[in-house]
There are 2 protein chains.
Amino acid sequence: MSPSTPRSAERPIPVLEIFGPTIQGEGMAIGRKTMFVRTAGCDYRCSWCDSKFTWDGSAKDEIRMLSAEEIVSELFKLGGDTFDHVTISGGNPLLLPQLSWLVQKLREHGIRVAVETQGSRWQDWLVRIDEVTLSPKPPSSGMDTDFDILDSIILRLTEAPGRRELCLKIVVFDEEDLTYARAVHQRYPSIPFILQTGNPQVAHDSDDHVASLLRRYEWLIDRLSALPDLKDARALPQLHTLVWGNKRGV
Amino acid sequence: MSPSTPRSAERPIPVLEIFGPTIQGEGMAIGRKTMFVRTAGCDYRCSWCDSKFTWDGSAKDEIRMLSAEEIVSELFKLGGDTFDHVTISGGNPLLLPQLSWLVQKLREHGIRVAVETQGSRWQDWLVRIDEVTLSPKPPSSGMDTDFDILDSIILRLTEAPGRRELCLKIVVFDEEDLTYARAVHQRYPSIPFILQTGNPQVAHDSDDHVASLLRRYEWLIDRLSALPDLKDARALPQLHTLVWGNKRGV
């Protein structure tokens, strides 16, 4: 939890994908036009991770070590004058203190910055993010949540000056995940809360993938509808998965 | 534009549907758990309206004239203790000054209230709505927008004291609709802006309805991505139509 120093900020950033403009397919900014920067490396190994290539070594030859300037330059080369929003995803971007400079440069360009993380690590640049999505992982992931760390991240973000949007997003595959999600919502009742349909077919697209995802989503809506302890909550699918399946770079 | 008087507020409300809990399938609260109250009657006749039964006479025998108390009672009978959000839709609810009392009673119960309207009429109760969606209709609807009225509604809402969320949502079937949408966004650049996929098959469900809607949504994402004048905008499908087709009451 050391503050990012100029030295760490100057370190290059391991990047696996830069793409867009497209839409954010999930979470609080669902449908919002954005560009994506996907960093490499993760402290988690979720069983159903849809971006395993960020940590399982399968795409290690695709990792590029880029400066903040190079990333910004590539974003503008791809998106020209069509965008004002960038989403930094991973992997877990919170492993990287050197993202501080990327965040600063994006903000200097008037760009709104969103970050997605499981909430297992802190970096000081997180308070300068406009839209923070914390998505602690439910039992089906095989991961354990360190609630002391999550508590401290949420406390720091809610106490930090400045305006930002913050939400909790939980992937739900089954009843056990839903029980976990309800406990998370109970722990942080004032944080906007989203249940997200799980995608069990991350490695390939079957013919009935969309139908299967929509059935899962319908189940999630039914369960949300029935629960008195989840009133102010959303249930959402991943729109990009409905439109493009598991294709990368969209 | 006369203020709603106690007398008008006591008038019964023409109701076609009360259902839920389910999710709001579209717009700024997409995915949010809510109950729906659908009022009868509309000043528009959109060619592709997905609720023609609210104005074409086909469901006139289903219209119930209910008091605000009766509506609230039915909402709690259906939803019990599972909800804290009600969406009033139509038809055009803004034809009904007597909704004033329903809004007041819902708020007394601590319920958040959302309203959807094309923005062609004003009622004073609109300033007490937590989430106002204005969806002026594009050329494909066959309707004309009176921008003087829309201007005055937006001005009143943005100047009224109190906190509320306001968004503009435009259904887009084709390039002509998109041109219209861009002009609306240019006219009200500070109002959160959503493009929504059009649904051309409102009367029946074909086997490839979902696939067809997703192709339309992909087209909309592609167009949004390319446009420099639509940076801070969302493109969204109707989730309920993907999950349930054109079924009513979900």
# chains A, B, ... in the order shown; residues from 1 in each chain; ligands from 1
$ interface_residues --of "chain A" --to "chain B" --cutoff "8 Å" --atoms "only C-alpha atoms" --output "PyMOL selection string"
chain A and resi 20-23+30-33+81-85+214-215+217-218+221-222+224-236+242-243
$ write_last_selection --atoms "N, CA and C atoms" --output "CSV table (one decimal), in the first residue's frame"
chain,number,residue,atom,x,y,z
A,20,GLY,N,-11.1,-0.6,-29.2
A,20,GLY,CA,-12.2,0.3,-29.2
A,20,GLY,C,-12.1,1.3,-30.4
A,21,PRO,N,-13.1,2.2,-30.5
A,21,PRO,CA,-14.2,2.4,-29.6
A,21,PRO,C,-15.2,1.3,-29.7
A,22,THR,N,-15.8,0.9,-28.6
A,22,THR,CA,-16.9,0.0,-28.5
A,22,THR,C,-17.7,0.4,-27.3
A,23,ILE,N,-18.5,-0.5,-26.8
A,23,ILE,CA,-19.3,-0.2,-25.6
A,23,ILE,C,-18.8,-1.0,-24.4
A,30,ILE,N,-22.9,0.2,-18.3
A,30,ILE,CA,-23.3,-0.7,-19.4
A,30,ILE,C,-23.9,0.1,-20.6
A,31,GLY,N,-23.3,-0.2,-21.8
A,31,GLY,CA,-23.8,0.5,-23.0
A,31,GLY,C,-22.9,1.7,-23.3
A,32,ARG,N,-22.1,2.2,-22.4
A,32,ARG,CA,-21.4,3.5,-22.5
A,32,ARG,C,-20.3,3.3,-23.6
A,33,LYS,N,-20.1,4.2,-24.5
A,33,LYS,CA,-19.0,4.2,-25.4
A,33,LYS,C,-17.7,4.4,-24.7
A,81,ASP,N,-11.2,11.1,-32.8
A,81,ASP,CA,-11.9,12.1,-32.0
A,81,ASP,C,-13.3,11.6,-31.6
A,82,THR,N,-13.4,10.3,-31.5
A,82,THR,CA,-14.8,9.7,-31.3
A,82,THR,C,-15.1,9.4,-29.8
A,83,PHE,N,-14.1,9.5,-28.9
A,83,PHE,CA,-14.3,9.0,-27.6
A,83,PHE,C,-13.9,9.9,-26.5
A,84,ASP,N,-14.4,9.8,-25.3
A,84,ASP,CA,-14.0,10.6,-24.1
A,84,ASP,C,-14.0,9.7,-22.9
A,85,HIS,N,-13.9,8.4,-23.0
A,85,HIS,CA,-14.0,7.5,-21.9
A,85,HIS,C,-13.1,6.3,-22.2
A,214,LEU,N,-29.1,-16.2,-21.8
A,214,LEU,CA,-30.4,-15.5,-21.5
A,214,LEU,C,-31.2,-16.3,-20.5
A,215,ARG,N,-31.1,-17.7,-20.6
A,215,ARG,CA,-31.8,-18.5,-19.5
A,215,ARG,C,-31.1,-18.2,-18.2
A,217,TYR,N,-29.7,-15.5,-17.3
A,217,TYR,CA,-30.0,-14.2,-16.9
A,217,TYR,C,-31.5,-14.2,-16.3
A,218,GLU,N,-32.4,-14.9,-17.0
A,218,GLU,CA,-33.8,-15.0,-16.5
A,218,GLU,C,-33.8,-15.6,-15.1
A,221,ILE,N,-32.8,-12.9,-12.7
A,221,ILE,CA,-33.9,-11.9,-12.5
A,221,ILE,C,-34.9,-12.5,-11.6
A,222,ASP,N,-35.3,-13.7,-11.8
A,222,ASP,CA,-36.3,-14.4,-10.9
A,222,ASP,C,-35.8,-14.4,-9.5
A,224,LEU,N,-33.5,-12.4,-8.0
A,224,LEU,CA,-33.4,-11.1,-7.5
A,224,LEU,C,-34.8,-10.6,-7.2
A,225,SER,N,-35.8,-10.9,-8.0
A,225,SER,CA,-37.2,-10.4,-7.8
A,225,SER,C,-37.7,-10.9,-6.5
A,226,ALA,N,-37.3,-12.1,-6.1
A,226,ALA,CA,-37.9,-12.7,-4.9
A,226,ALA,C,-37.3,-12.3,-3.6
A,227,LEU,N,-36.1,-11.6,-3.6
A,227,LEU,CA,-35.4,-11.4,-2.4
A,227,LEU,C,-35.6,-10.0,-1.7
A,228,PRO,N,-36.1,-10.0,-0.5
A,228,PRO,CA,-36.4,-8.8,0.2
A,228,PRO,C,-35.1,-8.0,0.6
A,229,ASP,N,-34.0,-8.8,0.7
A,229,ASP,CA,-32.8,-8.1,1.1
A,229,ASP,C,-32.0,-7.5,-0.1
A,230,LEU,N,-32.5,-7.8,-1.3
A,230,LEU,CA,-31.9,-7.1,-2.5
A,230,LEU,C,-33.0,-6.3,-3.2
A,231,LYS,N,-33.3,-5.1,-2.6
A,231,LYS,CA,-34.3,-4.2,-3.2
A,231,LYS,C,-33.6,-3.3,-4.3
A,232,ASP,N,-32.6,-2.6,-3.8
A,232,ASP,CA,-32.0,-1.6,-4.6
A,232,ASP,C,-30.8,-2.2,-5.3
A,233,ALA,N,-31.1,-3.1,-6.3
A,233,ALA,CA,-30.0,-3.9,-6.9
A,233,ALA,C,-30.4,-4.0,-8.4
A,234,ARG,N,-29.3,-4.3,-9.2
A,234,ARG,CA,-29.5,-4.5,-10.6
A,234,ARG,C,-29.1,-5.9,-10.9
A,235,ALA,N,-29.8,-6.5,-11.9
A,235,ALA,CA,-29.3,-7.8,-12.5
A,235,ALA,C,-29.0,-7.5,-14.0
A,236,LEU,N,-27.8,-7.8,-14.4
A,236,LEU,CA,-27.4,-7.5,-15.8
A,236,LEU,C,-26.6,-8.6,-16.4
A,242,LEU,N,-23.3,-11.4,-25.4
A,242,LEU,CA,-24.5,-11.7,-26.2
A,242,LEU,C,-24.2,-11.4,-27.7
A,243,VAL,N,-23.5,-10.3,-27.9
A,243,VAL,CA,-23.4,-9.8,-29.3
A,243,VAL,C,-22.2,-10.5,-30.0
$ select_by_dssp --residues "range 67-232 of chain A" --states "strand (DSSP E or B)" --output "MDAnalysis selection string"
chainID A and resid 85:89 112:117 131:134 165:172 193:197
$ residues_around --residues "Pro200 in chain A" --least-positions-apart "2" --cutoff "12 Å" --atoms "only C-alpha atoms" --output "PyMOL selection string"
chain A and resi 46-50+140-141+171-174+197-198+202-206+209-210+212-213+216+241+245-246
$ closest_atom_pairs --of "range 153-237 of chain A" --to "range 126-139 of chain A" --cutoff "6 Å" --atoms "only C-alpha atoms" --output "CSV"
residue,atom,partner,partner_atom,distance
A:Arg164,CA,A:Asp130,CA,4.6
A:Glu165,CA,A:Glu131,CA,4.7
A:Leu166,CA,A:Val132,CA,4.8
A:Cys167,CA,A:Thr133,CA,5.1
A:Leu168,CA,A:Leu134,CA,4.9
A:Lys169,CA,A:Ser135,CA,4.7
A:Ile170,CA,A:Ser135,CA,5.5
A:Asp177,CA,A:Pro138,CA,5.2
$ write_last_selection --atoms "C-alpha atoms" --output "compact mmCIF listing (two decimals), in the first residue's frame"
# COMPACT_ATOMS: atom_id res chain seq x y z
CA ARG A 164 -16.42 9.37 -8.35
CA GLU A 165 -18.87 6.61 -9.08
CA LEU A 166 -18.35 3.38 -7.21
CA CYS A 167 -20.18 0.11 -7.57
CA LEU A 168 -19.97 -3.48 -6.46
CA LYS A 169 -20.54 -6.11 -9.11
CA ILE A 170 -20.84 -9.80 -8.30
CA ASP A 177 -22.77 -17.29 -5.29
$ select_by_dssp --residues "range 62-108 of chain B" --states "helix (DSSP H, G or I)" --output "mmCIF file with N, CA, C and O atoms, in the first residue's frame"
data_model
loop_
_atom_site.group_PDB
_atom_site.id
_atom_site.type_symbol
_atom_site.label_atom_id
_atom_site.label_comp_id
_atom_site.auth_asym_id
_atom_site.auth_seq_id
_atom_site.Cartn_x
_atom_site.Cartn_y
_atom_site.Cartn_z
ATOM 1 N N GLU B 62 -59.851 -4.189 -20.700
ATOM 2 C CA GLU B 62 -58.929 -4.508 -19.597
ATOM 3 C C GLU B 62 -58.601 -3.282 -18.747
ATOM 4 O O GLU B 62 -57.937 -3.397 -17.713
ATOM 5 N N ALA B 68 -55.402 5.791 -6.335
ATOM 6 C CA ALA B 68 -53.987 5.660 -5.970
ATOM 7 C C ALA B 68 -53.819 4.594 -4.887
ATOM 8 O O ALA B 68 -52.902 3.760 -4.953
ATOM 9 N N GLU B 69 -54.730 4.582 -3.901
ATOM 10 C CA GLU B 69 -54.651 3.590 -2.818
ATOM 11 C C GLU B 69 -54.767 2.173 -3.367
ATOM 12 O O GLU B 69 -54.056 1.264 -2.929
ATOM 13 N N GLU B 70 -55.683 1.988 -4.315
ATOM 14 C CA GLU B 70 -55.864 0.643 -4.877
ATOM 15 C C GLU B 70 -54.613 0.185 -5.630
ATOM 16 O O GLU B 70 -54.222 -0.983 -5.564
ATOM 17 N N ILE B 71 -53.987 1.108 -6.338
ATOM 18 C CA ILE B 71 -52.765 0.748 -7.070
ATOM 19 C C ILE B 71 -51.654 0.373 -6.091
ATOM 20 O O ILE B 71 -50.985 -0.647 -6.256
ATOM 21 N N VAL B 72 -51.482 1.195 -5.070
ATOM 22 C CA VAL B 72 -50.426 0.912 -4.079
ATOM 23 C C VAL B 72 -50.704 -0.430 -3.408
ATOM 24 O O VAL B 72 -49.796 -1.263 -3.229
ATOM 25 N N SER B 73 -51.961 -0.665 -3.067
ATOM 26 C CA SER B 73 -52.330 -1.925 -2.425
ATOM 27 C C SER B 73 -52.005 -3.119 -3.328
ATOM 28 O O SER B 73 -51.464 -4.134 -2.888
ATOM 29 N N GLU B 74 -52.298 -2.991 -4.608
ATOM 30 C CA GLU B 74 -52.013 -4.086 -5.546
ATOM 31 C C GLU B 74 -50.509 -4.293 -5.718
ATOM 32 O O GLU B 74 -50.034 -5.437 -5.825
ATOM 33 N N LEU B 75 -49.758 -3.200 -5.724
ATOM 34 C CA LEU B 75 -48.293 -3.317 -5.824
ATOM 35 C C LEU B 75 -47.742 -4.114 -4.647
ATOM 36 O O LEU B 75 -46.912 -5.015 -4.835
ATOM 37 N N PHE B 76 -48.229 -3.812 -3.443
ATOM 38 C CA PHE B 76 -47.712 -4.526 -2.267
ATOM 39 C C PHE B 76 -48.219 -5.969 -2.219
ATOM 40 O O PHE B 76 -47.521 -6.856 -1.735
ATOM 41 N N LYS B 77 -49.420 -6.195 -2.751
ATOM 42 C CA LYS B 77 -49.932 -7.566 -2.814
ATOM 43 C C LYS B 77 -49.038 -8.413 -3.727
ATOM 44 O O LYS B 77 -48.706 -9.556 -3.419
ATOM 45 N N LEU B 78 -48.640 -7.824 -4.831
ATOM 46 C CA LEU B 78 -47.788 -8.544 -5.787
ATOM 47 C C LEU B 78 -46.339 -8.651 -5.309
ATOM 48 O O LEU B 78 -45.714 -9.706 -5.426
ATOM 49 N N GLY B 79 -45.809 -7.546 -4.806
ATOM 50 C CA GLY B 79 -44.372 -7.463 -4.557
ATOM 51 C C GLY B 79 -43.961 -7.651 -3.106
ATOM 52 O O GLY B 79 -42.772 -7.819 -2.823
ATOM 53 N N PRO B 93 -48.045 8.523 -19.412
ATOM 54 C CA PRO B 93 -48.557 8.850 -18.073
ATOM 55 C C PRO B 93 -48.758 10.353 -17.878
ATOM 56 O O PRO B 93 -49.527 10.763 -16.999
ATOM 57 N N LEU B 94 -48.086 11.156 -18.701
ATOM 58 C CA LEU B 94 -48.182 12.614 -18.530
ATOM 59 C C LEU B 94 -49.522 13.164 -19.008
ATOM 60 O O LEU B 94 -49.765 14.375 -18.910
ATOM 61 N N LEU B 95 -50.408 12.305 -19.497
ATOM 62 C CA LEU B 95 -51.768 12.747 -19.788
ATOM 63 C C LEU B 95 -52.605 12.830 -18.517
ATOM 64 O O LEU B 95 -53.732 13.319 -18.549
ATOM 65 N N LEU B 99 -52.225 11.306 -11.451
ATOM 66 C CA LEU B 99 -51.108 10.477 -10.955
ATOM 67 C C LEU B 99 -50.389 11.163 -9.785
ATOM 68 O O LEU B 99 -49.596 10.532 -9.087
ATOM 69 N N SER B 100 -50.644 12.431 -9.605
ATOM 70 C CA SER B 100 -50.036 13.181 -8.504
ATOM 71 C C SER B 100 -50.160 12.438 -7.172
ATOM 72 O O SER B 100 -49.185 12.317 -6.416
ATOM 73 N N TRP B 101 -51.351 11.922 -6.906
ATOM 74 C CA TRP B 101 -51.551 11.238 -5.629
ATOM 75 C C TRP B 101 -50.837 9.901 -5.551
ATOM 76 O O TRP B 101 -50.382 9.503 -4.486
ATOM 77 N N LEU B 102 -50.782 9.212 -6.671
ATOM 78 C CA LEU B 102 -50.042 7.933 -6.675
ATOM 79 C C LEU B 102 -48.569 8.189 -6.366
ATOM 80 O O LEU B 102 -47.956 7.492 -5.540
ATOM 81 N N VAL B 103 -48.019 9.216 -7.013
ATOM 82 C CA VAL B 103 -46.610 9.559 -6.785
ATOM 83 C C VAL B 103 -46.390 9.887 -5.309
ATOM 84 O O VAL B 103 -45.440 9.406 -4.680
ATOM 85 N N GLN B 104 -47.308 10.684 -4.751
ATOM 86 C CA GLN B 104 -47.171 11.072 -3.347
ATOM 87 C C GLN B 104 -47.231 9.851 -2.427
ATOM 88 O O GLN B 104 -46.402 9.694 -1.515
ATOM 89 N N LYS B 105 -48.170 8.965 -2.690
ATOM 90 C CA LYS B 105 -48.308 7.789 -1.821
ATOM 91 C C LYS B 105 -47.093 6.861 -1.943
ATOM 92 O O LYS B 105 -46.630 6.293 -0.955
ATOM 93 N N LEU B 106 -46.589 6.703 -3.154
ATOM 94 C CA LEU B 106 -45.406 5.854 -3.321
ATOM 95 C C LEU B 106 -44.225 6.441 -2.547
ATOM 96 O O LEU B 106 -43.485 5.723 -1.866
ATOM 97 N N ARG B 107 -44.071 7.737 -2.634
ATOM 98 C CA ARG B 107 -42.965 8.377 -1.927
ATOM 99 C C ARG B 107 -43.132 8.272 -0.413
ATOM 100 O O ARG B 107 -42.146 8.116 0.315
ATOM 101 N N GLU B 108 -44.379 8.348 0.043
ATOM 102 C CA GLU B 108 -44.625 8.181 1.491
ATOM 103 C C GLU B 108 -44.199 6.788 1.960
ATOM 104 O O GLU B 108 -43.821 6.596 3.110
#
$ atom_distance --atom1 "CA of Asp151 in chain A" --atom2 "CA of Leu178 in chain A"
19.8 Å
$ atom_distance --atom1 "CA of Ile13 in chain A" --atom2 "CA of Lys60 in chain A"
13.8 Å
$ closest_residue --among "B:Gln238, B:Ser67, B:Ser152, B:Ser58" --to "Trp122 in chain B" --atoms "only C-alpha atoms"
B:Ser152
$ atom_distance --atom1 "CA of Gln186 in chain A" --atom2 "CA of Phe36 in chain B"
25.8 Å
$ residues_around --residues "Val37 in chain A" --least-positions-apart "5" --cutoff "7 Å" --atoms "only C-alpha atoms" --output "PyMOL selection string"
chain A and resi 17-19+87-89
